[in-house]
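Read through the structure below, which is laid out as structure tokens, and then see the notes.
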Amino acid sequence: MWNINSRRRLDLHPSCRRRLPLRLLSAMILLVVGGNAAAVSTESTDFYVYSVSFSGAIPVPEKSLRAGLSEMPAPTWRIWSPLTRSGPEAVEDDVMLLKQVFQNHGYYNTTISYDIAPATPRLRLRRWITGRAQQRDGFDRDHAGLAAVHVTFTIDAGEPTEIAGINIDIRNDPNGALKTKVLDRLPLKRGRVFTRLDYKSSKDILGNLLQNAGYARAAVTFDVEVDRTRRTAGITITIDPGPQCVFGDVLITGTGDVQENLIGRALTFQPGDAYSAVAIAESRRNLADLDIFDRSLLIPDRGESAGNSVPITFEYKLKKRRNVQLGLGYGSEDGIRIDGSWTYRNVAGRGGKFRLKAERSDLKQGAYADYRQPYIINRHTNLRTRLGTEQETLESHRTERSFSDVTLKRTFRRFWQWTLGYGLEINRIRDLELIDPEEVNNFVRDNAFLISAVETGLERSTADDEINPRSGSEIAVTVQHASSFLGSELDFSQPALTIVRYQPLGKRMVLATRFNAKTISPTEDTDTIPIFRRLFLGGSSTVRGYGFQRLGPVDESGKPLGGLTAITGNIELRFPLYRAFSGTVFVDGGEVSEDAFSAHLDELRFTAGMGLRFNTVVGPLRFDYGYKLNPPIRSDFGLTQDPDGEIEDRWKIHLSIGHAF
């Protein structure tokens, strides 16, 4: 039994409750929290917990203590958050919950007392706001006038409970090989503090270890004895591994047209292979990635009737083959966006996906056809082919583009992908609004360009989520090469490198960083890269604080010219605010050089700012405010008209959807 030492300034000891009538107890509470006594009902002992603190030598992180409370009050600065309606009984419950938190960390002799004191006067605005909200939500009007208090928990954790010994009994392990593996992997160690986290993870680790070693029917039993007087724990683990198993036959059941060899390629095991939980998990991911199943269940039968063979049942239900989607959005760069698509899934029962799409915005209008075929050779290789036409209207020019391409993507090892593709496109420059003589000369000489290019790339991604990642990293290296040998009228080489890192800071914040470098160099008979192939920076997804494509060289009228090398760096701290709202502060930097394979670090331009996010299932709606720290002036580009004048305003507001990176 726990020894609860409760020193209470409110004199709420159970024996006092028995001696004092309810009215006298209420009056004592009113005296203590009397800063707002006039507004408190004399019949009520309830109050609002305005804030909580902890004192004493506490070996457990405070965030774990706060997470263990039954109703944790919101931070004092969030004046819009409702106050927590509470009372002495709720505080008593929190004492028990806090003791459980300490037990989870190995402290079984913790004593906790608490003090309740009036909250500070600065809560008046918050009480008025939350009182109004509570009235709207149907709460009694008198609740807004209840006293608000500060609760201090004084904690004496005591000494931790250590593991005195671990006894592992494994049946049918004559040479002790399995016992050695268990001891090496087990988080529970003799002499270490016995924590519930290690206890739970040990169960999971042992289960995975045995199943991945082929013991599909293994049974594991934990017996723990805690001596609170000696502060020791003795652990006995009994393991019955059963026979080593292999995968049996795969039974496929479901309705709808799907080829069995497609399912077979998605599975990472064959009948007769050694049983493995990892193979089951990877197969489930592969089947889900096909995006043709509304429901897919991969069920191993671990019953003993099949001996050492584990039959597998795959149950599925196909998604609807045809799907129509309409989208409407707005961005500060491309204005109102409208798009629509028609998708046909599982072409010929082989898992392929065909899609027709059309889109329109102030920047781009286009129509596209896209076909994707998974497992074109094996489960590691996918095929994608596209065909489309689009028109892009930018500040300095308008380009009409027709293209087709085909790409093979192969997955090897874990997290790694290699791509190889070929593309053919025709670009026509329209409405060139530049006064740069060299660019005008190129436009007059030839305003249509045929590009025939191959592209290859290597990618590694460990990001935990595609839409809103919190941990992991991404690395991508790509090279595109266009050559007259392939029939191209424009010859160039364009390598690019992108590195992204997502670092969680606790459970609530993420530090996101990105570095990107890209260059394009004319080769063979090409002397100049036309403007539609040049590199630009600035905008909501590169260097915020600059307008779209506004960072870099400009002509005499201030129109963007682009460059041949662009480097970008971003640092962004993401943190939650309230429910679906989150915030960010960021620093961006970048530079556009007129020469290929050339970067001038002393000419880097930096911006800083902050943003607001509203998280949705399709990604965060994003509002960013960026401010230029060292903006360029016209003389930086050799312009004599108002040479000390800045190219554009120092600040910029961006509205978009999805993270900047």
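So you can find residues: chains in the structure tokens are A, B, ... in the order shown, residues in each start at 1, and ligands are numbered from 1 in order.
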Residues within 12 Å of segment 401-407 of chain A, only C-alpha atoms, excluding chain neighbours under 6 positions, as a ChimeraX atom specification: /A:364-374,376,381-393,418-430,447-457,532-533
Find, counting only C-alpha atoms, the residue in A:Tyr48, A:Phe661, A:Phe269, A:Phe293 that gets nearest to Glu474 of chain A.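 Distance minimum relative to Glu474 of chain A lands on A:Phe661.
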For Asn172 of chain A, work out the shell of residues within 10 Å, counting only C-alpha atoms and skipping chain neighbours fewer than 4 positions away, then give it as a ChimeraX atom specification. /A:176,178,239-243
Spatial neighbours of Val49 of chain A, 9 Å, only C-alpha atoms, chain gap at least 4 places, as a ChimeraX atom specification: /A:72-73,83-87,119,147-151
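Considering the residues A:Ser276, A:Pro187, A:Glu159, A:Thr253 and counting only C-alpha atoms, Gln211 of chain A has its shortest atom-to-atom contact with A:Ser276.
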Could you make a table, as CSV, of the residues of segment 578-632 of chain A that have an atom within 10 Å of an atom of segment 492-515 of chain A, each with its nearest atom pair and distance in Å to one decimal, counting only C-alpha atoms, in chain and number order?
residue,atom,partner,partner_atom,distance
A:Ser582,CA,A:Met509,CA,9.8
A:Gly583,CA,A:Met509,CA,9.8
A:Thr584,CA,A:Val510,CA,9.5
A:Val585,CA,A:Leu511,CA,9.9
A:Phe586,CA,A:Ala512,CA,9.3
A:Val587,CA,A:Thr513,CA,9.8
A:Asp588,CA,A:Arg514,CA,9.5
A:Gly589,CA,A:Phe515,CA,9.6
A:Gly590,CA,A:Phe515,CA,9.7
A:Ala596,CA,A:Gln494,CA,9.5
A:Phe597,CA,A:Pro495,CA,9.6
How many Å lie between atom CA of Ile475 of chain A and atom CA of Ile571 of chain A, rounded to one decimal? 16.3 Å
Quick one: distance from atom CA of Val477 of chain A to atom CA of Thr462 of chain A in Å, one decimal?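 The value is 15.4 Å.
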Sel. of strand (DSSP E or B) residues, segment 376-456 of chain A, as a VMD selection string: chain A and resid 381 to 393 398 to 412 416 to 430 448 to 456
So which bits of segment 394-488 of chain A end up alpha helix (DSSP H) when you DSSP the backbone, as a list in words? Pro437, Glu438, Glu439, Val440, Asn441, Asn442, Phe443, Val444 and Arg445 of chain A
Best match for closeness to Lys357 of chain A among A:Arg231, A:Asp184, A:Val324, A:Pro118, counting only C-alpha atoms: A:Val324
Distance of atom CA of Ala599 of chain A from atom CA of Asp644 of chain A, expressed in Å to one decimal place: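 Taking atom CA of Asp644 of chain A as the start and atom CA of Ala599 of chain A as the end point, the length is 24.0 Å.
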With distances taken over only C-alpha atoms, which of A:Thr399, A:Thr478, A:Asn104, A:Ser201 is nearest to Lys518 of chain A?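 Between A:Thr399, A:Thr478, A:Asn104, A:Ser201, the residue approaching Lys518 of chain A most closely is A:Thr478.
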I'd like the neighbourhood of Tyr107 of chain A as a list of chain:residue names, where a residue qualifies if any of its atoms comes within 9 Å (using only C-alpha atoms), though same-chain residues fewer than 4 positions away should be ignored.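 Listed by chain and then number, they are A:Lys99, A:Val101, A:Phe102, A:Gln103, A:Ala157, A:Gly158, A:Glu159, A:Pro160, A:Thr161, A:Val193, A:Phe194, A:Thr195, A:Arg231.
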Store the residues of this selection in a file with N, CA and C atoms, as an mmCIF file, in the first residue's frame.
data_model
loop_
_atom_site.group_PDB
_atom_site.id
_atom_site.type_symbol
_atom_site.label_atom_id
_atom_site.label_comp_id
_atom_site.auth_asym_id
_atom_site.auth_seq_id
_atom_site.Cartn_x
_atom_site.Cartn_y
_atom_site.Cartn_z
ATOM 1 N N LYS A 99 1.600 9.571 -8.209
ATOM 2 C CA LYS A 99 2.295 8.414 -7.651
ATOM 3 C C LYS A 99 2.465 7.318 -8.708
ATOM 4 N N VAL A 101 2.782 7.845 -11.893
ATOM 5 C CA VAL A 101 3.854 8.306 -12.778
ATOM 6 C C VAL A 101 5.214 7.946 -12.189
ATOM 7 N N PHE A 102 5.393 8.170 -10.886
ATOM 8 C CA PHE A 102 6.671 7.839 -10.254
ATOM 9 C C PHE A 102 6.902 6.338 -10.237
ATOM 10 N N GLN A 103 5.854 5.551 -10.039
ATOM 11 C CA GLN A 103 6.019 4.103 -10.131
ATOM 12 C C GLN A 103 6.486 3.692 -11.514
ATOM 13 N N ALA A 157 10.452 11.872 -3.769
ATOM 14 C CA ALA A 157 10.423 10.670 -4.605
ATOM 15 C C ALA A 157 10.960 9.446 -3.891
ATOM 16 N N GLY A 158 11.862 9.639 -2.912
ATOM 17 C CA GLY A 158 12.482 8.493 -2.271
ATOM 18 C C GLY A 158 13.539 7.855 -3.165
ATOM 19 N N GLU A 159 13.986 6.686 -2.773
ATOM 20 C CA GLU A 159 15.009 5.972 -3.531
ATOM 21 C C GLU A 159 14.361 5.094 -4.603
ATOM 22 N N PRO A 160 15.027 4.957 -5.750
ATOM 23 C CA PRO A 160 14.445 4.125 -6.813
ATOM 24 C C PRO A 160 14.549 2.639 -6.491
ATOM 25 N N THR A 161 13.709 1.866 -7.148
ATOM 26 C CA THR A 161 13.720 0.410 -7.011
ATOM 27 C C THR A 161 14.602 -0.186 -8.097
ATOM 28 N N VAL A 193 17.493 0.639 -12.651
ATOM 29 C CA VAL A 193 16.209 0.996 -12.063
ATOM 30 C C VAL A 193 15.099 0.281 -12.839
ATOM 31 N N PHE A 194 14.165 -0.293 -12.102
ATOM 32 C CA PHE A 194 13.053 -1.000 -12.737
ATOM 33 C C PHE A 194 11.977 0.016 -13.117
ATOM 34 N N THR A 195 11.781 0.240 -14.410
ATOM 35 C CA THR A 195 10.782 1.184 -14.900
ATOM 36 C C THR A 195 9.745 0.451 -15.733
ATOM 37 N N ARG A 231 13.488 -1.960 -1.635
ATOM 38 C CA ARG A 231 13.530 -1.232 -2.911
ATOM 39 C C ARG A 231 14.227 -2.070 -3.989
#
Segment 524-528 of chain A environment, 12 Å, only C-alpha atoms, sequence neighbours closer than 2 positions dropped, as a count of residues only: 31
Residues near Ile252 of chain A, cut-off 8 Å, only C-alpha atoms, skip fewer than 5 positions along chain, as a list in words: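 Result of the neighbour search: Thr313, Phe314 and Glu315 of chain A.
Between Arg230 of chain A and the candidates A:Leu573, A:Tyr108, A:Asp46, A:Ile166, the tightest atom-to-atom separation, counting only C-alpha atoms, involves A:Tyr108.
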